[in-house]
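> File structure32.cif below, mmCIF, N, CA and C atoms:
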data_start
loop_
_atom_site.label_atom_id
_atom_site.label_comp_id
_atom_site.auth_asym_id
_atom_site.auth_seq_id
_atom_site.Cartn_x
_atom_site.Cartn_y
_atom_site.Cartn_z
N MET A 46 -12.91 0.31 -14.59
CA MET A 46 -13.59 -0.35 -13.52
C MET A 46 -13.64 0.62 -12.34
N THR A 47 -14.84 1.05 -11.91
CA THR A 47 -15.00 1.97 -10.81
C THR A 47 -15.86 1.33 -9.74
N PHE A 48 -15.35 1.29 -8.54
CA PHE A 48 -16.10 0.77 -7.41
C PHE A 48 -16.13 1.85 -6.33
N THR A 49 -17.18 1.87 -5.56
CA THR A 49 -17.23 2.75 -4.40
C THR A 49 -17.30 1.88 -3.17
N THR A 50 -17.05 2.48 -2.05
CA THR A 50 -17.07 1.71 -0.82
C THR A 50 -18.50 1.52 -0.33
N ASN A 51 -18.68 0.61 0.60
CA ASN A 51 -19.98 0.41 1.20
C ASN A 51 -19.78 0.19 2.70
N ALA A 52 -20.88 0.08 3.44
CA ALA A 52 -20.80 -0.07 4.89
C ALA A 52 -20.03 -1.32 5.29
N GLU A 53 -20.25 -2.42 4.59
CA GLU A 53 -19.55 -3.67 4.93
C GLU A 53 -18.04 -3.51 4.75
N ASP A 54 -17.61 -2.89 3.65
CA ASP A 54 -16.18 -2.68 3.43
C ASP A 54 -15.60 -1.77 4.50
N GLN A 55 -16.31 -0.71 4.85
CA GLN A 55 -15.81 0.19 5.88
C GLN A 55 -15.68 -0.53 7.22
N GLN A 56 -16.60 -1.42 7.54
CA GLN A 56 -16.51 -2.20 8.78
C GLN A 56 -15.31 -3.12 8.75
N LYS A 57 -15.07 -3.79 7.61
CA LYS A 57 -13.92 -4.69 7.50
C LYS A 57 -12.61 -3.93 7.54
N ALA A 58 -12.56 -2.74 6.93
CA ALA A 58 -11.36 -1.91 6.97
C ALA A 58 -11.10 -1.47 8.41
N ALA A 59 -12.16 -1.08 9.12
CA ALA A 59 -12.01 -0.67 10.52
C ALA A 59 -11.53 -1.85 11.37
N ALA A 60 -12.02 -3.04 11.11
CA ALA A 60 -11.59 -4.23 11.85
C ALA A 60 -10.11 -4.52 11.61
N LEU A 61 -9.66 -4.36 10.36
CA LEU A 61 -8.25 -4.58 10.04
C LEU A 61 -7.39 -3.55 10.77
N LYS A 62 -7.80 -2.28 10.73
CA LYS A 62 -7.04 -1.25 11.44
C LYS A 62 -7.00 -1.53 12.94
N ALA A 63 -8.11 -1.96 13.51
CA ALA A 63 -8.16 -2.26 14.95
C ALA A 63 -7.24 -3.43 15.29
N ARG A 64 -7.25 -4.47 14.45
CA ARG A 64 -6.38 -5.63 14.69
C ARG A 64 -4.92 -5.20 14.65
N LEU A 65 -4.57 -4.35 13.69
CA LEU A 65 -3.19 -3.88 13.58
C LEU A 65 -2.82 -2.97 14.75
N ALA A 66 -3.80 -2.21 15.26
CA ALA A 66 -3.53 -1.32 16.39
C ALA A 66 -3.17 -2.12 17.64
N GLU A 67 -3.67 -3.35 17.73
CA GLU A 67 -3.32 -4.22 18.86
C GLU A 67 -1.86 -4.62 18.79
N GLY A 68 -1.32 -4.60 17.58
CA GLY A 68 0.11 -4.86 17.38
C GLY A 68 0.46 -6.32 17.37
N SER A 69 1.69 -6.58 16.97
CA SER A 69 2.27 -7.92 16.99
C SER A 69 3.64 -7.82 17.60
N SER A 70 4.14 -8.89 18.07
CA SER A 70 5.40 -8.88 18.80
C SER A 70 6.60 -8.59 17.92
N GLY A 71 6.53 -8.97 16.67
CA GLY A 71 7.67 -8.80 15.78
C GLY A 71 8.78 -9.79 16.05
N LYS A 72 8.49 -10.77 16.91
CA LYS A 72 9.50 -11.78 17.20
C LYS A 72 9.70 -12.66 15.99
N VAL A 73 10.93 -12.98 15.75
CA VAL A 73 11.27 -13.85 14.64
C VAL A 73 11.12 -15.29 15.10
N ALA A 74 10.23 -16.02 14.46
CA ALA A 74 10.00 -17.41 14.83
C ALA A 74 11.20 -18.26 14.47
N GLU A 75 11.54 -19.18 15.35
CA GLU A 75 12.67 -20.06 15.09
C GLU A 75 12.40 -20.88 13.84
N GLY A 76 13.37 -20.92 12.94
CA GLY A 76 13.22 -21.69 11.70
C GLY A 76 12.38 -20.99 10.65
N SER A 77 12.00 -19.74 10.90
CA SER A 77 11.18 -19.04 9.91
C SER A 77 12.02 -18.68 8.70
N ASN A 78 11.35 -18.56 7.60
CA ASN A 78 12.02 -18.24 6.34
C ASN A 78 11.71 -16.79 6.00
N ILE A 79 12.38 -15.86 6.66
CA ILE A 79 12.12 -14.44 6.49
C ILE A 79 12.77 -13.95 5.21
N ARG A 80 12.01 -13.13 4.49
CA ARG A 80 12.58 -12.49 3.32
C ARG A 80 12.22 -11.02 3.36
N SER A 81 13.03 -10.24 2.74
CA SER A 81 12.78 -8.81 2.66
C SER A 81 11.60 -8.56 1.72
N VAL A 82 10.72 -7.67 2.12
CA VAL A 82 9.56 -7.32 1.30
C VAL A 82 9.87 -6.01 0.59
N PRO A 83 9.68 -5.95 -0.73
CA PRO A 83 9.97 -4.71 -1.48
C PRO A 83 9.10 -3.55 -0.98
N ASN A 84 9.67 -2.35 -0.99
CA ASN A 84 8.93 -1.17 -0.54
C ASN A 84 7.88 -0.71 -1.55
N VAL A 85 8.04 -1.13 -2.79
CA VAL A 85 7.09 -0.73 -3.83
C VAL A 85 6.59 -1.97 -4.55
N SER A 86 5.28 -2.11 -4.57
CA SER A 86 4.64 -3.21 -5.29
C SER A 86 3.37 -2.66 -5.92
N ILE A 87 3.52 -2.11 -7.12
CA ILE A 87 2.38 -1.48 -7.79
C ILE A 87 2.14 -2.12 -9.15
N ASP A 88 0.86 -2.37 -9.41
CA ASP A 88 0.46 -2.96 -10.68
C ASP A 88 0.23 -1.87 -11.71
N GLU A 89 0.50 -2.20 -12.96
CA GLU A 89 0.29 -1.23 -14.03
C GLU A 89 -1.20 -0.97 -14.21
N GLY A 90 -1.50 0.25 -14.63
CA GLY A 90 -2.88 0.66 -14.85
C GLY A 90 -3.36 1.56 -13.73
N LYS A 91 -4.67 1.80 -13.71
CA LYS A 91 -5.29 2.65 -12.69
C LYS A 91 -5.85 1.74 -11.60
N ASN A 92 -5.28 1.85 -10.40
CA ASN A 92 -5.66 0.96 -9.31
C ASN A 92 -5.73 1.69 -7.98
N LYS A 93 -6.43 1.10 -7.05
CA LYS A 93 -6.44 1.61 -5.68
C LYS A 93 -5.12 1.22 -5.04
N TYR A 94 -4.61 2.12 -4.17
CA TYR A 94 -3.35 1.82 -3.51
C TYR A 94 -3.44 2.17 -2.03
N VAL A 95 -2.53 1.59 -1.25
CA VAL A 95 -2.41 1.93 0.17
C VAL A 95 -0.95 2.23 0.49
N LEU A 96 -0.77 3.09 1.47
CA LEU A 96 0.54 3.39 2.03
C LEU A 96 0.58 2.69 3.38
N VAL A 97 1.57 1.81 3.54
CA VAL A 97 1.69 0.99 4.74
C VAL A 97 3.05 1.25 5.37
N SER A 98 3.10 1.23 6.70
CA SER A 98 4.39 1.30 7.38
C SER A 98 4.51 0.12 8.33
N ALA A 99 5.73 -0.31 8.57
CA ALA A 99 5.97 -1.45 9.46
C ALA A 99 7.41 -1.42 9.93
N CYS A 100 7.65 -2.05 11.08
CA CYS A 100 9.01 -2.18 11.59
C CYS A 100 9.63 -3.45 11.03
N LEU A 101 10.89 -3.34 10.66
CA LEU A 101 11.63 -4.47 10.10
C LEU A 101 11.72 -5.60 11.11
N PRO A 102 11.82 -6.85 10.63
CA PRO A 102 11.92 -8.00 11.54
C PRO A 102 13.08 -7.85 12.53
N GLY A 103 12.76 -8.08 13.80
CA GLY A 103 13.79 -8.07 14.83
C GLY A 103 14.32 -6.70 15.20
N GLY A 104 13.68 -5.64 14.71
CA GLY A 104 14.20 -4.31 14.99
C GLY A 104 13.10 -3.28 15.15
N LYS A 105 13.53 -2.05 15.29
CA LYS A 105 12.58 -0.96 15.47
C LYS A 105 12.59 0.01 14.29
N GLN A 106 13.42 -0.28 13.27
CA GLN A 106 13.50 0.60 12.11
C GLN A 106 12.20 0.49 11.31
N ARG A 107 11.55 1.63 11.07
CA ARG A 107 10.27 1.66 10.37
C ARG A 107 10.51 1.90 8.88
N GLU A 108 9.81 1.13 8.06
CA GLU A 108 9.86 1.25 6.60
C GLU A 108 8.46 1.62 6.09
N ASN A 109 8.41 2.29 4.94
CA ASN A 109 7.14 2.61 4.28
C ASN A 109 7.03 1.80 3.00
N PHE A 110 5.79 1.43 2.68
CA PHE A 110 5.51 0.60 1.52
C PHE A 110 4.35 1.20 0.73
N VAL A 111 4.47 1.20 -0.59
CA VAL A 111 3.40 1.63 -1.48
C VAL A 111 2.95 0.40 -2.27
N VAL A 112 1.65 0.10 -2.15
CA VAL A 112 1.14 -1.14 -2.72
C VAL A 112 -0.16 -0.88 -3.48
N SER A 113 -0.23 -1.38 -4.70
CA SER A 113 -1.50 -1.36 -5.44
C SER A 113 -1.75 -2.78 -5.95
N ARG A 114 -2.97 -3.04 -6.29
CA ARG A 114 -3.32 -4.37 -6.77
C ARG A 114 -4.40 -4.26 -7.85
N ARG A 115 -4.06 -4.73 -9.02
CA ARG A 115 -5.00 -4.71 -10.14
C ARG A 115 -6.27 -5.47 -9.76
N GLY A 116 -7.40 -4.87 -10.02
CA GLY A 116 -8.68 -5.53 -9.79
C GLY A 116 -9.19 -5.44 -8.37
N ALA A 117 -8.49 -4.74 -7.49
CA ALA A 117 -8.95 -4.62 -6.11
C ALA A 117 -10.23 -3.77 -6.09
N GLN A 118 -11.28 -4.35 -5.57
CA GLN A 118 -12.55 -3.64 -5.53
C GLN A 118 -12.51 -2.52 -4.49
N TYR A 119 -11.88 -2.81 -3.37
CA TYR A 119 -11.76 -1.84 -2.29
C TYR A 119 -10.30 -1.73 -1.86
N HIS A 120 -9.95 -0.65 -1.17
CA HIS A 120 -8.57 -0.49 -0.69
C HIS A 120 -8.20 -1.64 0.25
N ARG A 121 -9.15 -2.12 1.00
CA ARG A 121 -8.91 -3.25 1.90
C ARG A 121 -8.43 -4.47 1.13
N ASP A 122 -8.93 -4.65 -0.10
CA ASP A 122 -8.52 -5.79 -0.94
C ASP A 122 -7.05 -5.68 -1.35
N THR A 123 -6.51 -4.49 -1.32
CA THR A 123 -5.09 -4.29 -1.57
C THR A 123 -4.30 -4.46 -0.27
N ALA A 124 -4.83 -3.92 0.82
CA ALA A 124 -4.12 -3.91 2.09
C ALA A 124 -4.00 -5.30 2.72
N GLU A 125 -5.08 -6.05 2.79
CA GLU A 125 -5.07 -7.31 3.53
C GLU A 125 -4.00 -8.31 3.08
N PRO A 126 -3.88 -8.61 1.78
CA PRO A 126 -2.84 -9.57 1.38
C PRO A 126 -1.43 -9.07 1.67
N PHE A 127 -1.22 -7.75 1.58
CA PHE A 127 0.10 -7.21 1.85
C PHE A 127 0.42 -7.26 3.34
N VAL A 128 -0.56 -6.94 4.16
CA VAL A 128 -0.37 -7.04 5.61
C VAL A 128 -0.03 -8.48 5.99
N GLU A 129 -0.72 -9.44 5.40
CA GLU A 129 -0.44 -10.85 5.67
C GLU A 129 0.99 -11.21 5.26
N LEU A 130 1.46 -10.68 4.15
CA LEU A 130 2.84 -10.92 3.71
C LEU A 130 3.83 -10.35 4.72
N LEU A 131 3.57 -9.14 5.20
CA LEU A 131 4.46 -8.55 6.20
C LEU A 131 4.45 -9.38 7.48
N GLU A 132 3.27 -9.78 7.93
CA GLU A 132 3.17 -10.58 9.15
C GLU A 132 3.91 -11.91 8.99
N LYS A 133 3.74 -12.54 7.85
CA LYS A 133 4.39 -13.83 7.58
C LYS A 133 5.91 -13.70 7.64
N ASN A 134 6.41 -12.52 7.31
CA ASN A 134 7.85 -12.28 7.29
C ASN A 134 8.34 -11.53 8.53
N SER A 135 7.54 -11.60 9.60
CA SER A 135 7.90 -11.09 10.93
C SER A 135 8.07 -9.58 11.04
N TYR A 136 7.45 -8.81 10.15
CA TYR A 136 7.42 -7.37 10.33
C TYR A 136 6.44 -7.08 11.47
N SER A 137 6.65 -5.98 12.18
CA SER A 137 5.79 -5.67 13.32
C SER A 137 5.31 -4.23 13.25
N SER A 138 4.43 -3.87 14.18
CA SER A 138 3.89 -2.51 14.26
C SER A 138 3.38 -2.03 12.91
N ILE A 139 2.64 -2.88 12.23
CA ILE A 139 2.14 -2.59 10.89
C ILE A 139 0.99 -1.60 10.98
N ARG A 140 1.05 -0.57 10.16
CA ARG A 140 0.01 0.46 10.11
C ARG A 140 -0.35 0.76 8.66
N ILE A 141 -1.63 0.92 8.41
CA ILE A 141 -2.09 1.37 7.09
C ILE A 141 -2.31 2.88 7.23
N ALA A 142 -1.45 3.64 6.57
CA ALA A 142 -1.42 5.09 6.76
C ALA A 142 -2.44 5.82 5.90
N GLY A 143 -3.11 5.13 5.00
CA GLY A 143 -4.09 5.76 4.13
C GLY A 143 -4.04 5.15 2.75
N GLY A 144 -4.83 5.71 1.87
CA GLY A 144 -4.88 5.17 0.52
C GLY A 144 -5.26 6.22 -0.49
N GLY A 145 -5.44 5.77 -1.69
CA GLY A 145 -5.81 6.63 -2.80
C GLY A 145 -5.82 5.81 -4.07
N ARG A 146 -5.54 6.47 -5.15
CA ARG A 146 -5.44 5.79 -6.44
C ARG A 146 -4.07 6.06 -7.02
N ILE A 147 -3.65 5.13 -7.86
CA ILE A 147 -2.35 5.28 -8.51
C ILE A 147 -2.50 4.81 -9.95
N VAL A 148 -1.95 5.59 -10.86
CA VAL A 148 -1.97 5.24 -12.28
C VAL A 148 -0.52 5.06 -12.71
N LEU A 149 -0.16 3.83 -13.06
CA LEU A 149 1.20 3.52 -13.50
C LEU A 149 1.16 3.14 -14.97
N ASP A 150 1.95 3.85 -15.76
CA ASP A 150 2.07 3.55 -17.19
C ASP A 150 3.55 3.29 -17.46
N ASN A 151 3.91 2.02 -17.56
CA ASN A 151 5.32 1.66 -17.77
C ASN A 151 5.82 2.06 -19.14
N GLN A 152 4.95 2.10 -20.13
CA GLN A 152 5.37 2.49 -21.48
C GLN A 152 5.74 3.98 -21.53
N LYS A 153 4.90 4.80 -20.91
CA LYS A 153 5.16 6.25 -20.89
C LYS A 153 6.09 6.65 -19.74
N LYS A 154 6.35 5.70 -18.85
CA LYS A 154 7.17 5.95 -17.66
C LYS A 154 6.60 7.08 -16.82
N THR A 155 5.30 6.95 -16.52
CA THR A 155 4.63 7.93 -15.67
C THR A 155 3.91 7.21 -14.53
N CYS A 156 3.77 7.94 -13.44
CA CYS A 156 3.06 7.43 -12.28
C CYS A 156 2.34 8.62 -11.64
N SER A 157 1.03 8.51 -11.49
CA SER A 157 0.23 9.58 -10.90
C SER A 157 -0.46 9.04 -9.65
N ILE A 158 -0.32 9.77 -8.55
CA ILE A 158 -0.86 9.37 -7.26
C ILE A 158 -1.87 10.43 -6.82
N TYR A 159 -3.07 10.01 -6.42
CA TYR A 159 -4.10 10.98 -6.06
C TYR A 159 -5.23 10.31 -5.28
N GLY A 160 -6.18 11.12 -4.85
CA GLY A 160 -7.40 10.60 -4.24
C GLY A 160 -7.24 10.17 -2.79
N HIS A 161 -8.21 9.40 -2.32
CA HIS A 161 -8.25 8.97 -0.93
C HIS A 161 -8.96 7.62 -0.81
N SER A 162 -8.91 7.07 0.37
CA SER A 162 -9.61 5.83 0.68
C SER A 162 -10.67 6.12 1.73
N TYR A 163 -11.89 5.68 1.49
CA TYR A 163 -12.94 5.85 2.49
C TYR A 163 -12.65 4.99 3.72
N GLY A 164 -12.06 3.83 3.52
CA GLY A 164 -11.80 2.92 4.63
C GLY A 164 -10.58 3.28 5.45
N PHE A 165 -9.53 3.82 4.81
CA PHE A 165 -8.27 4.08 5.51
C PHE A 165 -7.88 5.55 5.55
N GLY A 166 -8.62 6.41 4.89
CA GLY A 166 -8.32 7.83 4.88
C GLY A 166 -7.34 8.21 3.78
N LEU A 167 -6.94 9.47 3.82
CA LEU A 167 -6.03 10.03 2.82
C LEU A 167 -4.60 9.66 3.15
N ALA A 168 -3.91 9.07 2.19
CA ALA A 168 -2.48 8.77 2.36
C ALA A 168 -1.67 10.04 2.16
N ASP A 169 -0.48 10.06 2.70
CA ASP A 169 0.46 11.15 2.45
C ASP A 169 1.07 10.86 1.08
N HIS A 170 0.47 11.45 0.03
CA HIS A 170 0.91 11.16 -1.33
C HIS A 170 2.34 11.62 -1.59
N ALA A 171 2.78 12.68 -0.92
CA ALA A 171 4.17 13.12 -1.08
C ALA A 171 5.12 12.04 -0.56
N LEU A 172 4.77 11.41 0.54
CA LEU A 172 5.58 10.31 1.07
C LEU A 172 5.53 9.12 0.12
N SER A 173 4.35 8.81 -0.39
CA SER A 173 4.22 7.71 -1.36
C SER A 173 5.11 7.96 -2.57
N LYS A 174 5.12 9.20 -3.06
CA LYS A 174 5.98 9.55 -4.19
C LYS A 174 7.44 9.32 -3.84
N ALA A 175 7.85 9.75 -2.64
CA ALA A 175 9.25 9.59 -2.22
C ALA A 175 9.64 8.11 -2.14
N VAL A 176 8.72 7.27 -1.65
CA VAL A 176 9.00 5.83 -1.56
C VAL A 176 9.21 5.25 -2.96
N ILE A 177 8.36 5.65 -3.89
CA ILE A 177 8.48 5.14 -5.27
C ILE A 177 9.76 5.66 -5.92
N GLU A 178 10.07 6.94 -5.72
CA GLU A 178 11.28 7.52 -6.31
C GLU A 178 12.54 6.84 -5.78
N ALA A 179 12.50 6.34 -4.56
CA ALA A 179 13.67 5.68 -3.98
C ALA A 179 13.91 4.29 -4.56
N ASP A 180 12.94 3.75 -5.26
CA ASP A 180 13.06 2.43 -5.89
C ASP A 180 13.71 2.61 -7.27
N SER A 181 14.85 1.98 -7.48
CA SER A 181 15.60 2.17 -8.73
C SER A 181 14.81 1.79 -9.98
N ARG A 182 13.80 0.95 -9.84
CA ARG A 182 12.98 0.58 -11.01
C ARG A 182 12.22 1.77 -11.57
N TYR A 183 12.04 2.82 -10.77
CA TYR A 183 11.23 3.97 -11.19
C TYR A 183 12.05 5.25 -11.30
N GLN A 184 13.38 5.14 -11.38
CA GLN A 184 14.22 6.33 -11.39
C GLN A 184 14.00 7.21 -12.61
N ASP A 185 13.58 6.65 -13.73
CA ASP A 185 13.37 7.45 -14.95
C ASP A 185 11.91 7.85 -15.14
N TYR A 186 11.07 7.62 -14.14
CA TYR A 186 9.64 7.90 -14.27
C TYR A 186 9.31 9.32 -13.85
N ASP A 187 8.29 9.88 -14.50
CA ASP A 187 7.73 11.16 -14.08
C ASP A 187 6.63 10.83 -13.07
N ILE A 188 6.88 11.11 -11.79
CA ILE A 188 5.95 10.75 -10.72
C ILE A 188 5.33 12.02 -10.16
N THR A 189 4.01 12.08 -10.19
CA THR A 189 3.28 13.25 -9.70
C THR A 189 2.26 12.82 -8.65
N TRP A 190 1.83 13.78 -7.83
CA TRP A 190 0.79 13.49 -6.85
C TRP A 190 -0.11 14.69 -6.66
N SER A 191 -1.32 14.41 -6.19
CA SER A 191 -2.31 15.45 -5.92
C SER A 191 -3.29 14.90 -4.87
N ASN A 192 -3.81 15.78 -4.03
CA ASN A 192 -4.84 15.38 -3.07
C ASN A 192 -6.24 15.51 -3.67
N GLU A 193 -6.30 15.90 -4.91
CA GLU A 193 -7.58 16.07 -5.60
C GLU A 193 -8.03 14.76 -6.22
N GLY A 194 -9.32 14.69 -6.53
CA GLY A 194 -9.85 13.55 -7.27
C GLY A 194 -10.14 12.35 -6.41
N TYR A 195 -10.86 11.42 -7.01
CA TYR A 195 -11.14 10.15 -6.38
C TYR A 195 -11.04 9.11 -7.46
#
Show the structure stored in the file as structure tokens.

Amino acid sequence: MTFTTNAEDQQKAAALKARLAEGSSGKVAEGSNIRSVPNVSIDEGKNKYVLVSACLPGGKQRENFVVSRRGAQYHRDTAEPFVELLEKNSYSSIRIAGGGRIVLDNQKKTCSIYGHSYGFGLADHALSKAVIEADSRYQDYDITWSNEGY
């Protein structure tokens, strides 16, 4: 499944980035049910991915997240639901640092990160690799990255 971006998607991606640039307070709502959000949430197969950063609830410590979503037509389709999850759990200063593609094969224990996002720009694939390597679920995986390809 191959999709390319269009003007409407680029406008929506720009609107999401602008909304996030305005920031959120990061205040923990009284009675909220905050849960920790995993740093890695990638679907098996070849999918579009985004690199997101955010400050932990109630603090200034910044975390990085690598997220892909099977069937996402555009990188924005991966980013928006994840941003909403972070916001719901009181993360603040959320930024989409870029995107690309990710190929995860759990049977072969391989993960390949490459390409870019027209809507969010090129992610730091080396950082994305480091985030994935830090997740114990992927400790035995061969993880590679490249700035080539789309």
> Which is closer to Glu89 (chain A) than all the others in A:Val128, A:Leu167, A:Val112, A:Ala59, using only C-alpha atoms?
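Going through A:Val128, A:Leu167, A:Val112, A:Ala59 one by one, the smallest distance to Glu89 (chain A) is for A:Val112.
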> Determine the nearest neighbour of Gly143 (chain A) from the options A:Val97, A:Leu130, A:Ile177, A:Ala117, counting only C-alpha atoms.
A:Val97
> What lies within 12 Å of Gly164 (chain A) using only C-alpha atoms, ignoring chain neighbours under 4 positions off, as a PyMOL selection string?
chain A and resi 49-62+93-95+119-124+141-145+168
> Evaluated on this file, the PyMOL selection byres ((chain A and resi 136) around 6.5) picks out some residues - which ones are they, written as a list in words?
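Taken over the shown coordinates, the PyMOL selection byres ((chain A and resi 136) around 6.5) returns Gly71, Ala99, Cys100, Leu101, Pro102, Gly103, Leu131, Glu132, Lys133, Asn134, Ser135, Ser137, Ser138 and Ile139 of chain A.
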> To one decimal place, how far is CA of Val111 (chain A) from CA of Ile147 (chain A) in Å?
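Going from CA of Val111 (chain A) over to CA of Ile147 (chain A) covers 9.8 Å.
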> Please extract the residues of region 56-168 of chain A with a backbone DSSP assignment of helix (DSSP H, G or I) and present them as a tab-separated table (two decimals) with N, CA and C atoms, in the frame of the given file.

chain	number	residue	atom	x	y	z
A	56	GLN	N	-16.60	-1.42	7.54
A	56	GLN	CA	-16.51	-2.20	8.78
A	56	GLN	C	-15.31	-3.12	8.75
A	57	LYS	N	-15.07	-3.79	7.61
A	57	LYS	CA	-13.92	-4.69	7.50
A	57	LYS	C	-12.61	-3.93	7.54
A	58	ALA	N	-12.56	-2.74	6.93
A	58	ALA	CA	-11.36	-1.91	6.97
A	58	ALA	C	-11.10	-1.47	8.41
A	59	ALA	N	-12.16	-1.08	9.12
A	59	ALA	CA	-12.01	-0.67	10.52
A	59	ALA	C	-11.53	-1.85	11.37
A	60	ALA	N	-12.02	-3.04	11.11
A	60	ALA	CA	-11.59	-4.23	11.85
A	60	ALA	C	-10.11	-4.52	11.61
A	61	LEU	N	-9.66	-4.36	10.36
A	61	LEU	CA	-8.25	-4.58	10.04
A	61	LEU	C	-7.39	-3.55	10.77
A	62	LYS	N	-7.80	-2.28	10.73
A	62	LYS	CA	-7.04	-1.25	11.44
A	62	LYS	C	-7.00	-1.53	12.94
A	63	ALA	N	-8.11	-1.96	13.51
A	63	ALA	CA	-8.16	-2.26	14.95
A	63	ALA	C	-7.24	-3.43	15.29
A	64	ARG	N	-7.25	-4.47	14.45
A	64	ARG	CA	-6.38	-5.63	14.69
A	64	ARG	C	-4.92	-5.20	14.65
A	65	LEU	N	-4.57	-4.35	13.69
A	65	LEU	CA	-3.19	-3.88	13.58
A	65	LEU	C	-2.82	-2.97	14.75
A	66	ALA	N	-3.80	-2.21	15.26
A	66	ALA	CA	-3.53	-1.32	16.39
A	66	ALA	C	-3.17	-2.12	17.64
A	67	GLU	N	-3.67	-3.35	17.73
A	67	GLU	CA	-3.32	-4.22	18.86
A	67	GLU	C	-1.86	-4.62	18.79
A	120	HIS	N	-9.95	-0.65	-1.17
A	120	HIS	CA	-8.57	-0.49	-0.69
A	120	HIS	C	-8.20	-1.64	0.25
A	121	ARG	N	-9.15	-2.12	1.00
A	121	ARG	CA	-8.91	-3.25	1.90
A	121	ARG	C	-8.43	-4.47	1.13
A	122	ASP	N	-8.93	-4.65	-0.10
A	122	ASP	CA	-8.52	-5.79	-0.94
A	122	ASP	C	-7.05	-5.68	-1.35
A	123	THR	N	-6.51	-4.49	-1.32
A	123	THR	CA	-5.09	-4.29	-1.57
A	123	THR	C	-4.30	-4.46	-0.27
A	124	ALA	N	-4.83	-3.92	0.82
A	124	ALA	CA	-4.12	-3.91	2.09
A	124	ALA	C	-4.00	-5.30	2.72
A	125	GLU	N	-5.08	-6.05	2.79
A	125	GLU	CA	-5.07	-7.31	3.53
A	125	GLU	C	-4.00	-8.31	3.08
A	126	PRO	N	-3.88	-8.61	1.78
A	126	PRO	CA	-2.84	-9.57	1.38
A	126	PRO	C	-1.43	-9.07	1.67
A	127	PHE	N	-1.22	-7.75	1.58
A	127	PHE	CA	0.10	-7.21	1.85
A	127	PHE	C	0.42	-7.26	3.34
A	128	VAL	N	-0.56	-6.94	4.16
A	128	VAL	CA	-0.37	-7.04	5.61
A	128	VAL	C	-0.03	-8.48	5.99
A	129	GLU	N	-0.72	-9.44	5.40
A	129	GLU	CA	-0.44	-10.85	5.67
A	129	GLU	C	0.99	-11.21	5.26
A	130	LEU	N	1.46	-10.68	4.15
A	130	LEU	CA	2.84	-10.92	3.71
A	130	LEU	C	3.83	-10.35	4.72
A	131	LEU	N	3.57	-9.14	5.20
A	131	LEU	CA	4.46	-8.55	6.20
A	131	LEU	C	4.45	-9.38	7.48
A	132	GLU	N	3.27	-9.78	7.93
A	132	GLU	CA	3.17	-10.58	9.15
A	132	GLU	C	3.91	-11.91	8.99
A	133	LYS	N	3.74	-12.54	7.85
A	133	LYS	CA	4.39	-13.83	7.58
A	133	LYS	C	5.91	-13.70	7.64
> Check region 46-158 of chain A with DSSP on the backbone and list each residue it calls strand (DSSP E), as a ChimeraX atom specification.
/A:85-86,90-100,107-113,137-150,155-158
> Could you add N, CA, C and O atoms to region 151-160 of chain A and give me the result as a PDB file, in the frame of the given file?

ATOM      1  N   ASN A 151       3.910   2.020 -17.560  1.00  0.00           N
ATOM      2  CA  ASN A 151       5.320   1.660 -17.770  1.00  0.00           C
ATOM      3  C   ASN A 151       5.820   2.060 -19.140  1.00  0.00           C
ATOM      4  O   ASN A 151       7.016   2.313 -19.309  1.00  0.00           O
ATOM      5  N   GLN A 152       4.950   2.100 -20.130  1.00  0.00           N
ATOM      6  CA  GLN A 152       5.370   2.490 -21.480  1.00  0.00           C
ATOM      7  C   GLN A 152       5.740   3.980 -21.530  1.00  0.00           C
ATOM      8  O   GLN A 152       6.761   4.355 -22.086  1.00  0.00           O
ATOM      9  N   LYS A 153       4.900   4.800 -20.910  1.00  0.00           N
ATOM     10  CA  LYS A 153       5.160   6.250 -20.890  1.00  0.00           C
ATOM     11  C   LYS A 153       6.090   6.650 -19.740  1.00  0.00           C
ATOM     12  O   LYS A 153       6.525   7.798 -19.677  1.00  0.00           O
ATOM     13  N   LYS A 154       6.350   5.700 -18.850  1.00  0.00           N
ATOM     14  CA  LYS A 154       7.170   5.950 -17.660  1.00  0.00           C
ATOM     15  C   LYS A 154       6.600   7.080 -16.820  1.00  0.00           C
ATOM     16  O   LYS A 154       7.295   8.039 -16.454  1.00  0.00           O
ATOM     17  N   THR A 155       5.300   6.950 -16.520  1.00  0.00           N
ATOM     18  CA  THR A 155       4.630   7.930 -15.670  1.00  0.00           C
ATOM     19  C   THR A 155       3.910   7.210 -14.530  1.00  0.00           C
ATOM     20  O   THR A 155       3.489   6.059 -14.662  1.00  0.00           O
ATOM     21  N   CYS A 156       3.770   7.940 -13.440  1.00  0.00           N
ATOM     22  CA  CYS A 156       3.060   7.430 -12.280  1.00  0.00           C
ATOM     23  C   CYS A 156       2.340   8.620 -11.640  1.00  0.00           C
ATOM     24  O   CYS A 156       2.977   9.625 -11.307  1.00  0.00           O
ATOM     25  N   SER A 157       1.030   8.510 -11.490  1.00  0.00           N
ATOM     26  CA  SER A 157       0.230   9.580 -10.900  1.00  0.00           C
ATOM     27  C   SER A 157      -0.460   9.040  -9.650  1.00  0.00           C
ATOM     28  O   SER A 157      -1.101   7.997  -9.691  1.00  0.00           O
ATOM     29  N   ILE A 158      -0.320   9.770  -8.550  1.00  0.00           N
ATOM     30  CA  ILE A 158      -0.860   9.370  -7.260  1.00  0.00           C
ATOM     31  C   ILE A 158      -1.870  10.430  -6.820  1.00  0.00           C
ATOM     32  O   ILE A 158      -1.551  11.627  -6.830  1.00  0.00           O
ATOM     33  N   TYR A 159      -3.070  10.010  -6.420  1.00  0.00           N
ATOM     34  CA  TYR A 159      -4.100  10.980  -6.060  1.00  0.00           C
ATOM     35  C   TYR A 159      -5.230  10.310  -5.280  1.00  0.00           C
ATOM     36  O   TYR A 159      -5.254   9.100  -5.107  1.00  0.00           O
ATOM     37  N   GLY A 160      -6.180  11.120  -4.850  1.00  0.00           N
ATOM     38  CA  GLY A 160      -7.400  10.600  -4.240  1.00  0.00           C
ATOM     39  C   GLY A 160      -7.240  10.170  -2.790  1.00  0.00           C
ATOM     40  O   GLY A 160      -6.278  10.530  -2.115  1.00  0.00           O
TER      41      GLY A 160
END
